[in-house]
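Structure file coords_4.pdb (PDB, C-alpha atoms and all ligand atoms) follows.
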```pdb
ATOM      1  CA  MET A1153      69.829  96.010  84.139
ATOM      2  CA  MET A1154      72.046  98.216  82.010
ATOM      3  CA  ASN A1155      73.087  97.283  78.539
ATOM      4  CA  ILE A1156      76.881  96.775  78.673
ATOM      5  CA  ILE A1157      78.842  96.316  75.477
ATOM      6  CA  ILE A1158      82.538  95.393  75.557
ATOM      7  CA  GLU A1159      84.483  96.303  72.438
ATOM      8  CA  LYS A1160      88.064  96.575  71.263
ATOM      9  CA  MET A1161      89.332 100.052  72.076
ATOM     10  CA  GLY A1162      89.936 102.357  69.129
ATOM     11  CA  GLU A1163      91.763 105.725  68.968
ATOM     12  CA  ASN A1164      88.384 107.513  69.090
ATOM     13  CA  TYR A1165      88.124 106.721  72.817
ATOM     14  CA  LEU A1166      91.576 108.011  73.836
ATOM     15  CA  SER A1167      90.490 111.369  75.305
ATOM     16  CA  GLN A1168      87.705 109.796  77.385
ATOM     17  CA  ILE A1169      90.037 107.070  78.665
ATOM     18  CA  ALA A1170      92.610 109.748  79.619
ATOM     19  CA  GLU A1171      89.810 111.425  81.653
ATOM     20  CA  LEU A1172      88.997 108.103  83.282
ATOM     21  CA  GLU A1173      92.680 107.652  84.176
ATOM     22  CA  LYS A1174      92.704 111.094  85.825
ATOM     23  CA  THR A1175      89.564 110.240  87.766
ATOM     24  CA  CYS A1176      90.903 106.932  89.071
ATOM     25  CA  PHE A1177      94.693 107.133  89.563
ATOM     26  CA  SER A1178      97.219 109.373  91.341
ATOM     27  CA  THR A1179      99.691 108.898  88.462
ATOM     28  CA  PRO A1180      97.373 108.661  85.440
ATOM     29  CA  TRP A1181      98.475 107.734  81.937
ATOM     30  CA  SER A1182      98.291 110.695  79.580
ATOM     31  CA  GLU A1183      96.411 110.585  76.305
ATOM     32  CA  ASN A1184      99.742 110.357  74.453
ATOM     33  CA  ALA A1185     100.999 107.517  76.635
ATOM     34  CA  LEU A1186      97.723 105.688  76.000
ATOM     35  CA  ARG A1187      98.035 106.309  72.248
ATOM     36  CA  GLU A1188     101.529 104.796  72.198
ATOM     37  CA  GLU A1189     100.354 101.813  74.233
ATOM     38  CA  LEU A1190      97.429 101.202  71.934
ATOM     39  CA  ALA A1191      99.717 101.199  68.890
ATOM     40  CA  ASN A1192     101.966  98.540  70.455
ATOM     41  CA  GLN A1193     101.507  95.140  68.761
ATOM     42  CA  PHE A1194     101.401  93.387  72.144
ATOM     43  CA  SER A1195      98.666  95.546  73.670
ATOM     44  CA  ARG A1196      95.106  94.338  74.271
ATOM     45  CA  PHE A1197      92.646  97.117  75.161
ATOM     46  CA  PHE A1198      88.879  96.943  75.628
ATOM     47  CA  VAL A1199      86.299  99.558  76.565
ATOM     48  CA  ALA A1200      82.916  99.056  78.255
ATOM     49  CA  LEU A1201      80.030 101.079  76.819
ATOM     50  CA  CYS A1202      76.779 101.563  78.734
ATOM     51  CA  ASP A1203      74.016 102.925  76.562
ATOM     52  CA  GLY A1204      76.716 104.248  74.256
ATOM     53  CA  GLN A1205      78.673 106.015  77.026
ATOM     54  CA  ILE A1206      82.212 105.043  78.093
ATOM     55  CA  ALA A1207      81.948 103.398  81.523
ATOM     56  CA  GLY A1208      85.328 101.702  81.892
ATOM     57  CA  TYR A1209      88.354 100.121  80.253
ATOM     58  CA  ILE A1210      90.994  97.424  80.599
ATOM     59  CA  GLY A1211      94.537  97.511  79.223
ATOM     60  CA  ALA A1212      96.888  94.545  78.987
ATOM     61  CA  HIS A1213      99.902  93.160  77.101
ATOM     62  CA  ASN A1214     100.302  89.668  75.759
ATOM     63  CA  VAL A1215     104.002  88.933  75.364
ATOM     64  CA  VAL A1216     104.864  85.311  74.471
ATOM     65  CA  GLY A1217     101.653  84.049  76.052
ATOM     66  CA  GLU A1218     102.135  85.904  79.328
ATOM     67  CA  VAL A1219      99.307  88.398  79.764
ATOM     68  CA  TYR A1220      99.971  91.371  82.012
ATOM     69  CA  ILE A1221      97.096  93.677  83.007
ATOM     70  CA  THR A1222      98.340  97.270  83.200
ATOM     71  CA  ASN A1223      95.078  99.004  84.176
ATOM     72  CA  VAL A1224      91.425  98.393  84.929
ATOM     73  CA  ALA A1225      89.215 101.394  85.683
ATOM     74  CA  VAL A1226      85.497 102.159  85.846
ATOM     75  CA  PHE A1227      83.961 105.622  86.278
ATOM     76  CA  PRO A1228      82.582 106.015  89.849
ATOM     77  CA  GLN A1229      78.962 106.376  88.726
ATOM     78  CA  PHE A1230      79.144 103.007  86.907
ATOM     79  CA  ARG A1231      80.766 100.954  89.679
ATOM     80  CA  ARG A1232      79.379  97.802  91.363
ATOM     81  CA  GLN A1233      77.387  96.762  88.328
ATOM     82  CA  GLY A1234      79.695  94.095  86.970
ATOM     83  CA  ILE A1235      81.543  96.225  84.421
ATOM     84  CA  ALA A1236      85.084  95.388  85.612
ATOM     85  CA  GLU A1237      84.065  91.732  85.735
ATOM     86  CA  ALA A1238      82.826  91.888  82.147
ATOM     87  CA  LEU A1239      86.079  93.570  81.016
ATOM     88  CA  ILE A1240      88.251  90.941  82.721
ATOM     89  CA  LYS A1241      86.095  88.127  81.313
ATOM     90  CA  LYS A1242      86.602  89.530  77.801
ATOM     91  CA  LEU A1243      90.382  89.589  78.319
ATOM     92  CA  MET A1244      90.241  86.002  79.656
ATOM     93  CA  ASP A1245      88.335  84.850  76.568
ATOM     94  CA  LEU A1246      90.836  86.552  74.245
ATOM     95  CA  SER A1247      93.769  85.123  76.226
ATOM     96  CA  GLN A1248      92.304  81.640  75.859
ATOM     97  CA  THR A1249      91.917  82.159  72.111
ATOM     98  CA  GLU A1250      95.551  83.280  71.976
ATOM     99  CA  ASN A1251      96.698  80.215  73.978
ATOM    100  CA  ALA A1252      98.104  82.335  76.796
ATOM    101  CA  GLU A1253      99.727  80.599  79.741
ATOM    102  CA  PHE A1254      98.570  82.957  82.519
ATOM    103  CA  ILE A1255      97.287  86.454  83.326
ATOM    104  CA  THR A1256      99.066  88.496  85.975
ATOM    105  CA  LEU A1257      98.882  91.954  87.586
ATOM    106  CA  GLU A1258      99.975  94.141  90.470
ATOM    107  CA  VAL A1259      97.557  95.892  92.820
ATOM    108  CA  ARG A1260      98.014  98.236  95.793
ATOM    109  CA  LYS A1261      97.835  96.307  99.067
ATOM    110  CA  SER A1262      95.176  98.722 100.370
ATOM    111  CA  ASN A1263      92.956  98.451  97.269
ATOM    112  CA  ILE A1264      90.496  96.007  98.825
ATOM    113  CA  GLY A1265      87.830  96.552  96.162
ATOM    114  CA  ALA A1266      90.220  95.609  93.333
ATOM    115  CA  ILE A1267      91.688  92.681  95.310
ATOM    116  CA  ASN A1268      88.153  91.354  95.901
ATOM    117  CA  LEU A1269      87.392  91.760  92.209
ATOM    118  CA  TYR A1270      90.476  89.782  91.090
ATOM    119  CA  THR A1271      89.871  87.112  93.749
ATOM    120  CA  LYS A1272      86.263  86.750  92.550
ATOM    121  CA  MET A1273      87.602  86.269  89.000
ATOM    122  CA  GLY A1274      89.938  83.451  90.100
ATOM    123  CA  PHE A1275      93.228  85.301  90.571
ATOM    124  CA  LYS A1276      95.498  84.057  93.397
ATOM    125  CA  GLU A1277      97.960  86.052  95.436
ATOM    126  CA  VAL A1278     101.429  84.858  94.411
ATOM    127  CA  GLY A1279     103.745  87.429  95.986
ATOM    128  CA  SER A1280     104.370  91.068  96.721
ATOM    129  CA  ARG A1281     106.653  93.886  95.569
ATOM    130  CA  LYS A1282     107.995  96.219  98.224
ATOM    131  CA  ASN A1283     107.403  99.978  97.631
ATOM    132  CA  PHE A1284     106.221  99.297  94.079
ATOM    133  CA  TYR A1285     103.931 102.335  94.016
ATOM    134  CA  GLU A1286     104.610 106.033  94.587
ATOM    135  CA  ASN A1287     102.201 108.757  95.484
ATOM    136  CA  PRO A1288     101.609 107.406  98.092
ATOM    137  CA  ARG A1289     104.407 104.857  98.417
ATOM    138  CA  GLU A1290     102.932 101.394  98.939
ATOM    139  CA  ASP A1291     103.668  97.703  98.407
ATOM    140  CA  ALA A1292     102.033  95.811  95.547
ATOM    141  CA  LEU A1293     100.398  92.423  95.720
ATOM    142  CA  LEU A1294     101.158  90.221  92.745
ATOM    143  CA  MET A1295      98.123  88.218  91.605
ATOM    144  CA  THR A1296      97.992  85.573  88.868
ATOM    145  CA  TYR A1297      95.230  83.691  87.079
ATOM    146  CA  ARG A1298      95.993  80.248  85.668
ATOM    147  CA  GLY A1299      92.439  78.968  85.306
ATOM    148  CA  GLU A1300      90.510  78.231  82.165
ATOM    149  CA  ILE A1301      92.497  80.279  79.693
TER
HETATM  150  C1  LIG A1401      88.247  98.294  91.060
HETATM  151  C2  LIG A1401      87.207  98.724  90.003
HETATM  152  C3  LIG A1401      87.858  98.610  88.612
HETATM  153  C4  LIG A1401      86.002  97.765  90.091
HETATM  154  O1  LIG A1401      85.090  98.086  89.058
HETATM  155  P1  LIG A1401      83.530  97.691  89.139
HETATM  156  O2  LIG A1401      82.978  97.749  87.761
HETATM  157  O3  LIG A1401      82.872  98.477  90.190
HETATM  158  O4  LIG A1401      83.612  96.166  89.623
HETATM  159  P2  LIG A1401      82.448  95.068  89.496
HETATM  160  O5  LIG A1401      81.112  95.709  89.662
HETATM  161  O6  LIG A1401      82.670  94.231  88.284
HETATM  162  O7  LIG A1401      82.755  94.213  90.812
HETATM  163  C5  LIG A1401      82.988  92.834  90.797
HETATM  164  C6  LIG A1401      83.345  92.348  92.197
HETATM  165  O8  LIG A1401      84.539  93.001  92.659
HETATM  166  C7  LIG A1401      84.444  93.245  94.075
HETATM  167  N1  LIG A1401      84.437  94.704  94.315
HETATM  168  C8  LIG A1401      84.408  95.694  93.385
HETATM  169  N2  LIG A1401      84.451  96.910  93.983
HETATM  170  C9  LIG A1401      84.495  96.684  95.309
HETATM  171  C10 LIG A1401      84.548  97.538  96.447
HETATM  172  N3  LIG A1401      84.563  98.882  96.322
HETATM  173  N4  LIG A1401      84.598  96.973  97.676
HETATM  174  C11 LIG A1401      84.593  95.642  97.827
HETATM  175  N5  LIG A1401      84.524  94.770  96.783
HETATM  176  C12 LIG A1401      84.480  95.285  95.538
HETATM  177  C13 LIG A1401      83.134  92.615  94.504
HETATM  178  O9  LIG A1401      83.438  91.268  94.841
HETATM  179  C14 LIG A1401      82.309  92.687  93.234
HETATM  180  O10 LIG A1401      81.287  91.742  93.188
HETATM  181  P3  LIG A1401      79.853  92.099  93.869
HETATM  182  O11 LIG A1401      79.462  93.467  93.381
HETATM  183  O12 LIG A1401      78.992  90.995  93.370
HETATM  184  O13 LIG A1401      80.098  92.085  95.348
HETATM  185  C15 LIG A1401      86.706 100.186  90.267
HETATM  186  O14 LIG A1401      86.343 100.318  91.630
HETATM  187  C16 LIG A1401      87.746 101.251  89.943
HETATM  188  O15 LIG A1401      87.843 101.735  88.817
HETATM  189  N6  LIG A1401      88.563 101.649  90.946
HETATM  190  C17 LIG A1401      89.587 102.668  90.768
HETATM  191  C18 LIG A1401      90.697 102.166  89.880
HETATM  192  C19 LIG A1401      91.367 100.923  90.427
HETATM  193  O16 LIG A1401      91.636 100.812  91.625
HETATM  194  N7  LIG A1401      91.668  99.984  89.523
HETATM  195  C20 LIG A1401      92.381  98.756  89.842
HETATM  196  C21 LIG A1401      93.851  99.037  89.770
HETATM  197  S1  LIG A1401      94.801  97.560  89.977
END
```

Output the file's structure in the form of structure tokens.
Amino acid sequence: MMNIIIEKMGENYLSQIAELEKTCFSTPWSENALREELANQFSRFFVALCDGQIAGYIGAHNVVGEVYITNVAVFPQFRRQGIAEALIKKLMDLSQTENAEFITLEVRKSNIGAINLYTKMGFKEVGSRKNFYENPREDALLMTYRGEI
């Protein structure tokens, strides 16, 4: 079993998270976009460290108690070891502390791995958004968690 540590993301991790974005997404966030996000008072970012190495991250906003997950990503070599689960759990704990009402997100309809992950964590499908994504164009599923937060 690996030693996973989840911590609040600091500016020191920006370049590695920009690399992770490039690895995982067709329209990745740049380092500068991530820096601006991180500086936003509403943003909630955590990184997962495995033996001191960056393995994944989660980014979200909490605006008036409505938490919106913008990105979850784990480097391929660290996948299927519970890292995304640990990141989401950390955000759930923080959201509960902040008295949030719900946590919501969009996900590509074809992204079965991510949909399984969110379903396992208690998210429910609540709708869809036509042609939400580009590159390639695809519908989004809207999933929301209203459990123990
Ligand atoms: C989706 C992603 C974040 C999952 O990260 P991860 O650390 O591998 O996920 P976990 O190990 O915590 O998986 C938890 C559960 O999610 C589901 N899951 C995760 N990846 C899966 C896959 N490829 N296929 C099917 N189910 C999957 C499983 O139910 C898994 O539980 P199990 O391993 O006990 O079966 C990772 O695959 C990734 O970075 N993908 C590219 C970026 C992306 O699509 N992000 C989501 C955008 S909305």

Would you kindly return, as number ranges by chain, each protein, DNA or RNA residue with an atom no farther than 6 Å from any atom of Leu1257 of chain A, considering only C-alpha atoms and excluding same-chain residues fewer than 5 positions away? A: 1220-1221, 1294-1295

Show me which residues sit within 8 Å of ligand LIG 1401 (chain A) when counting only C-alpha atoms and all ligand atoms, and put them as an MDAnalysis selection string. chainID A and resid 1176:1177 1208 1222:1228 1230:1238 1257:1260 1263:1272

Take the selection from the previous step and output its residues with C-alpha atoms, as an mmCIF file, keeping the file's coordinate frame.
```
data_model
loop_
_atom_site.group_PDB
_atom_site.id
_atom_site.type_symbol
_atom_site.label_atom_id
_atom_site.label_comp_id
_atom_site.auth_asym_id
_atom_site.auth_seq_id
_atom_site.Cartn_x
_atom_site.Cartn_y
_atom_site.Cartn_z
ATOM 1 C CA CYS A 1176 90.903 106.932 89.071
ATOM 2 C CA PHE A 1177 94.693 107.133 89.563
ATOM 3 C CA GLY A 1208 85.328 101.702 81.892
ATOM 4 C CA THR A 1222 98.340 97.270 83.200
ATOM 5 C CA ASN A 1223 95.078 99.004 84.176
ATOM 6 C CA VAL A 1224 91.425 98.393 84.929
ATOM 7 C CA ALA A 1225 89.215 101.394 85.683
ATOM 8 C CA VAL A 1226 85.497 102.159 85.846
ATOM 9 C CA PHE A 1227 83.961 105.622 86.278
ATOM 10 C CA PRO A 1228 82.582 106.015 89.849
ATOM 11 C CA PHE A 1230 79.144 103.007 86.907
ATOM 12 C CA ARG A 1231 80.766 100.954 89.679
ATOM 13 C CA ARG A 1232 79.379 97.802 91.363
ATOM 14 C CA GLN A 1233 77.387 96.762 88.328
ATOM 15 C CA GLY A 1234 79.695 94.095 86.970
ATOM 16 C CA ILE A 1235 81.543 96.225 84.421
ATOM 17 C CA ALA A 1236 85.084 95.388 85.612
ATOM 18 C CA GLU A 1237 84.065 91.732 85.735
ATOM 19 C CA ALA A 1238 82.826 91.888 82.147
ATOM 20 C CA LEU A 1257 98.882 91.954 87.586
ATOM 21 C CA GLU A 1258 99.975 94.141 90.470
ATOM 22 C CA VAL A 1259 97.557 95.892 92.820
ATOM 23 C CA ARG A 1260 98.014 98.236 95.793
ATOM 24 C CA ASN A 1263 92.956 98.451 97.269
ATOM 25 C CA ILE A 1264 90.496 96.007 98.825
ATOM 26 C CA GLY A 1265 87.830 96.552 96.162
ATOM 27 C CA ALA A 1266 90.220 95.609 93.333
ATOM 28 C CA ILE A 1267 91.688 92.681 95.310
ATOM 29 C CA ASN A 1268 88.153 91.354 95.901
ATOM 30 C CA LEU A 1269 87.392 91.760 92.209
ATOM 31 C CA TYR A 1270 90.476 89.782 91.090
ATOM 32 C CA THR A 1271 89.871 87.112 93.749
ATOM 33 C CA LYS A 1272 86.263 86.750 92.550
#
```

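Atom pair atom CA of Ser1167 of chain A / atom CA of Glu1183 of chain A has a distance of 6.1 Å (rounded to one decimal).
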
What's around Asn1283 of chain A at 12 Å? Count only C-alpha atoms, leave out sequence neighbours fewer than 3 positions away in its own chain, and write the answer as a list of chain:residue names. A:Glu1258, A:Val1259, A:Arg1260, A:Lys1261, A:Ser1280, A:Glu1286, A:Asn1287, A:Pro1288, A:Arg1289, A:Glu1290, A:Asp1291, A:Ala1292, A:Leu1293

Could you take the residues named above and write them with C-alpha atoms, as an mmCIF file, in the coordinates of the input?
```cif
data_model
loop_
_atom_site.group_PDB
_atom_site.id
_atom_site.type_symbol
_atom_site.label_atom_id
_atom_site.label_comp_id
_atom_site.auth_asym_id
_atom_site.auth_seq_id
_atom_site.Cartn_x
_atom_site.Cartn_y
_atom_site.Cartn_z
ATOM 1 C CA GLU A 1258 99.975 94.141 90.470
ATOM 2 C CA VAL A 1259 97.557 95.892 92.820
ATOM 3 C CA ARG A 1260 98.014 98.236 95.793
ATOM 4 C CA LYS A 1261 97.835 96.307 99.067
ATOM 5 C CA SER A 1280 104.370 91.068 96.721
ATOM 6 C CA GLU A 1286 104.610 106.033 94.587
ATOM 7 C CA ASN A 1287 102.201 108.757 95.484
ATOM 8 C CA PRO A 1288 101.609 107.406 98.092
ATOM 9 C CA ARG A 1289 104.407 104.857 98.417
ATOM 10 C CA GLU A 1290 102.932 101.394 98.939
ATOM 11 C CA ASP A 1291 103.668 97.703 98.407
ATOM 12 C CA ALA A 1292 102.033 95.811 95.547
ATOM 13 C CA LEU A 1293 100.398 92.423 95.720
#
```

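Each of A:Glu1163, A:Lys1174, A:Asp1203, A:Met1273 was compared to Leu1186 of chain A using only C-alpha atoms, and A:Glu1163 turns out to be the nearest.
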
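Put simply, atom CA of Glu1218 of chain A is 26.8 Å away from atom CA of Ser1178 of chain A.
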
Expected axis-aligned box over every listed atom of segment 1273-1282 of chain A, 3 Å added per side, centre plus edges in Å to one decimal, as lines of an AutoDock Vina configuration file:
```
center_x = 97.8
center_y = 89.8
center_z = 93.6
size_x = 26.4
size_y = 18.8
size_z = 15.2
```

Quick one: distance from atom CA of Leu1166 of chain A to atom CA of Thr1249 of chain A in Å, one decimal?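 Taking atom CA of Leu1166 of chain A and atom CA of Thr1249 of chain A, their separation equals 25.9 Å.
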
Nearest candidate to Gln1229 of chain A (options A:Ala1207, A:Leu1243, A:Val1278, A:Ile1255; using all atoms listed in the file):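 Residue with the minimum atom-to-atom distance to Gln1229 of chain A: A:Ala1207.
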
If the PyMOL selection byres (((chain A and resi 1199) around 6) and not hetatm) is run on the structure shown, which residues does it catch, given as a CSV table (one decimal) with C-alpha atoms, keeping the file's coordinate frame?
```
chain,number,residue,atom,x,y,z
A,1158,ILE,CA,82.5,95.4,75.6
A,1159,GLU,CA,84.5,96.3,72.4
A,1161,MET,CA,89.3,100.1,72.1
A,1198,PHE,CA,88.9,96.9,75.6
A,1200,ALA,CA,82.9,99.1,78.3
A,1208,GLY,CA,85.3,101.7,81.9
A,1209,TYR,CA,88.4,100.1,80.3
```

Find the spatial neighbours of Asn1155 of chain A, counting only C-alpha atoms, within a cut-off of 9 Å - ignore same-chain residues fewer than 5 positions away - and output them as a PDB file with C-alpha atoms, in the frame of the given file.
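Output contents, as saved in result01.pdb:
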```pdb
ATOM      1  CA  LEU A1201      80.030 101.079  76.819  1.00  0.00           C
ATOM      2  CA  CYS A1202      76.779 101.563  78.734  1.00  0.00           C
ATOM      3  CA  ASP A1203      74.016 102.925  76.562  1.00  0.00           C
ATOM      4  CA  GLY A1204      76.716 104.248  74.256  1.00  0.00           C
TER       5      GLY A1204
END
```

Starting from the PyMOL selection byres (((chain A and resi 1251) around 12) and not hetatm), expand the selection into actual residues of this file and give them as a PyMOL selection string. chain A and resi 1214-1219+1244-1250+1252-1255+1298+1300-1301

Long-range neighbours of Arg1196 of chain A as a count of residues only, 7 Å cut-off, all atoms listed in the file, 4 positions minimum in chain: 3

Nearest residue to Tyr1297 of chain A out of A:Arg1187, A:Lys1160, A:Lys1276, A:Lys1241, using all atoms listed in the file? A:Lys1276

Using all atoms listed in the file, pick whichever of A:Tyr1165, A:Asn1192, A:Ile1157, A:Thr1179 has the shortest atom-to-atom distance to Lys1242 of chain A. A:Ile1157

How would segment 1250-1279 of chain A of the given structure read as a file with N, CA and C atoms, as a compact mmCIF listing (two decimals), in the first residue's frame?
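And here is the file that came out, out_39.txt:
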```txt
# COMPACT_ATOMS: atom_id res chain seq x y z
N GLU A 1250 -17.54 23.60 5.71
CA GLU A 1250 -17.97 24.92 5.23
C GLU A 1250 -19.50 25.01 5.06
N ASN A 1251 -20.21 24.00 5.56
CA ASN A 1251 -21.68 23.97 5.47
C ASN A 1251 -22.21 24.10 4.04
N ALA A 1252 -21.54 23.45 3.10
CA ALA A 1252 -22.01 23.52 1.71
C ALA A 1252 -23.31 22.74 1.54
N GLU A 1253 -24.07 23.14 0.53
CA GLU A 1253 -25.37 22.52 0.29
C GLU A 1253 -25.23 21.27 -0.59
N PHE A 1254 -24.37 21.36 -1.62
CA PHE A 1254 -24.15 20.23 -2.53
C PHE A 1254 -22.83 20.39 -3.25
N ILE A 1255 -22.41 19.30 -3.91
CA ILE A 1255 -21.21 19.32 -4.77
C ILE A 1255 -21.66 18.87 -6.16
N THR A 1256 -21.27 19.59 -7.18
CA THR A 1256 -21.72 19.24 -8.52
C THR A 1256 -20.56 19.27 -9.52
N LEU A 1257 -20.77 18.65 -10.68
CA LEU A 1257 -19.72 18.61 -11.71
C LEU A 1257 -20.31 18.19 -13.05
N GLU A 1258 -19.53 18.43 -14.11
CA GLU A 1258 -19.86 17.89 -15.42
C GLU A 1258 -18.80 16.87 -15.80
N VAL A 1259 -19.20 15.87 -16.58
CA VAL A 1259 -18.26 14.85 -17.04
C VAL A 1259 -18.67 14.41 -18.44
N ARG A 1260 -17.67 14.11 -19.30
CA ARG A 1260 -17.98 13.63 -20.64
C ARG A 1260 -18.78 12.33 -20.56
N LYS A 1261 -19.80 12.24 -21.42
CA LYS A 1261 -20.67 11.05 -21.40
C LYS A 1261 -19.91 9.75 -21.62
N SER A 1262 -18.78 9.83 -22.37
CA SER A 1262 -18.02 8.62 -22.68
C SER A 1262 -16.98 8.28 -21.61
N ASN A 1263 -16.83 9.14 -20.60
CA ASN A 1263 -15.77 8.95 -19.61
C ASN A 1263 -16.25 8.00 -18.49
N ILE A 1264 -16.35 6.73 -18.87
CA ILE A 1264 -16.94 5.72 -17.98
C ILE A 1264 -16.17 5.61 -16.66
N GLY A 1265 -14.84 5.68 -16.73
CA GLY A 1265 -14.03 5.57 -15.52
C GLY A 1265 -14.41 6.66 -14.52
N ALA A 1266 -14.49 7.91 -15.00
CA ALA A 1266 -14.82 9.04 -14.11
C ALA A 1266 -16.26 8.92 -13.62
N ILE A 1267 -17.17 8.51 -14.50
CA ILE A 1267 -18.58 8.36 -14.09
C ILE A 1267 -18.70 7.29 -12.99
N ASN A 1268 -17.97 6.19 -13.17
CA ASN A 1268 -17.96 5.14 -12.12
C ASN A 1268 -17.41 5.68 -10.81
N LEU A 1269 -16.34 6.46 -10.92
CA LEU A 1269 -15.73 7.05 -9.72
C LEU A 1269 -16.75 7.92 -8.97
N TYR A 1270 -17.41 8.83 -9.68
CA TYR A 1270 -18.36 9.75 -9.02
C TYR A 1270 -19.56 8.98 -8.46
N THR A 1271 -20.00 7.94 -9.20
CA THR A 1271 -21.13 7.13 -8.72
C THR A 1271 -20.73 6.43 -7.42
N LYS A 1272 -19.50 5.86 -7.42
CA LYS A 1272 -19.00 5.18 -6.21
C LYS A 1272 -18.97 6.13 -5.02
N MET A 1273 -18.69 7.43 -5.29
CA MET A 1273 -18.60 8.42 -4.20
C MET A 1273 -19.96 8.99 -3.80
N GLY A 1274 -21.04 8.54 -4.46
CA GLY A 1274 -22.38 8.97 -4.05
C GLY A 1274 -23.00 10.07 -4.91
N PHE A 1275 -22.34 10.40 -6.02
CA PHE A 1275 -22.93 11.40 -6.93
C PHE A 1275 -24.04 10.74 -7.74
N LYS A 1276 -25.09 11.53 -8.06
CA LYS A 1276 -26.21 11.04 -8.87
C LYS A 1276 -26.30 11.85 -10.15
N GLU A 1277 -26.67 11.16 -11.22
CA GLU A 1277 -26.86 11.85 -12.49
C GLU A 1277 -28.12 12.71 -12.38
N VAL A 1278 -27.98 14.01 -12.66
CA VAL A 1278 -29.15 14.90 -12.51
C VAL A 1278 -29.53 15.60 -13.82
N GLY A 1279 -28.77 15.36 -14.88
CA GLY A 1279 -29.11 16.00 -16.15
C GLY A 1279 -27.96 15.90 -17.13
```
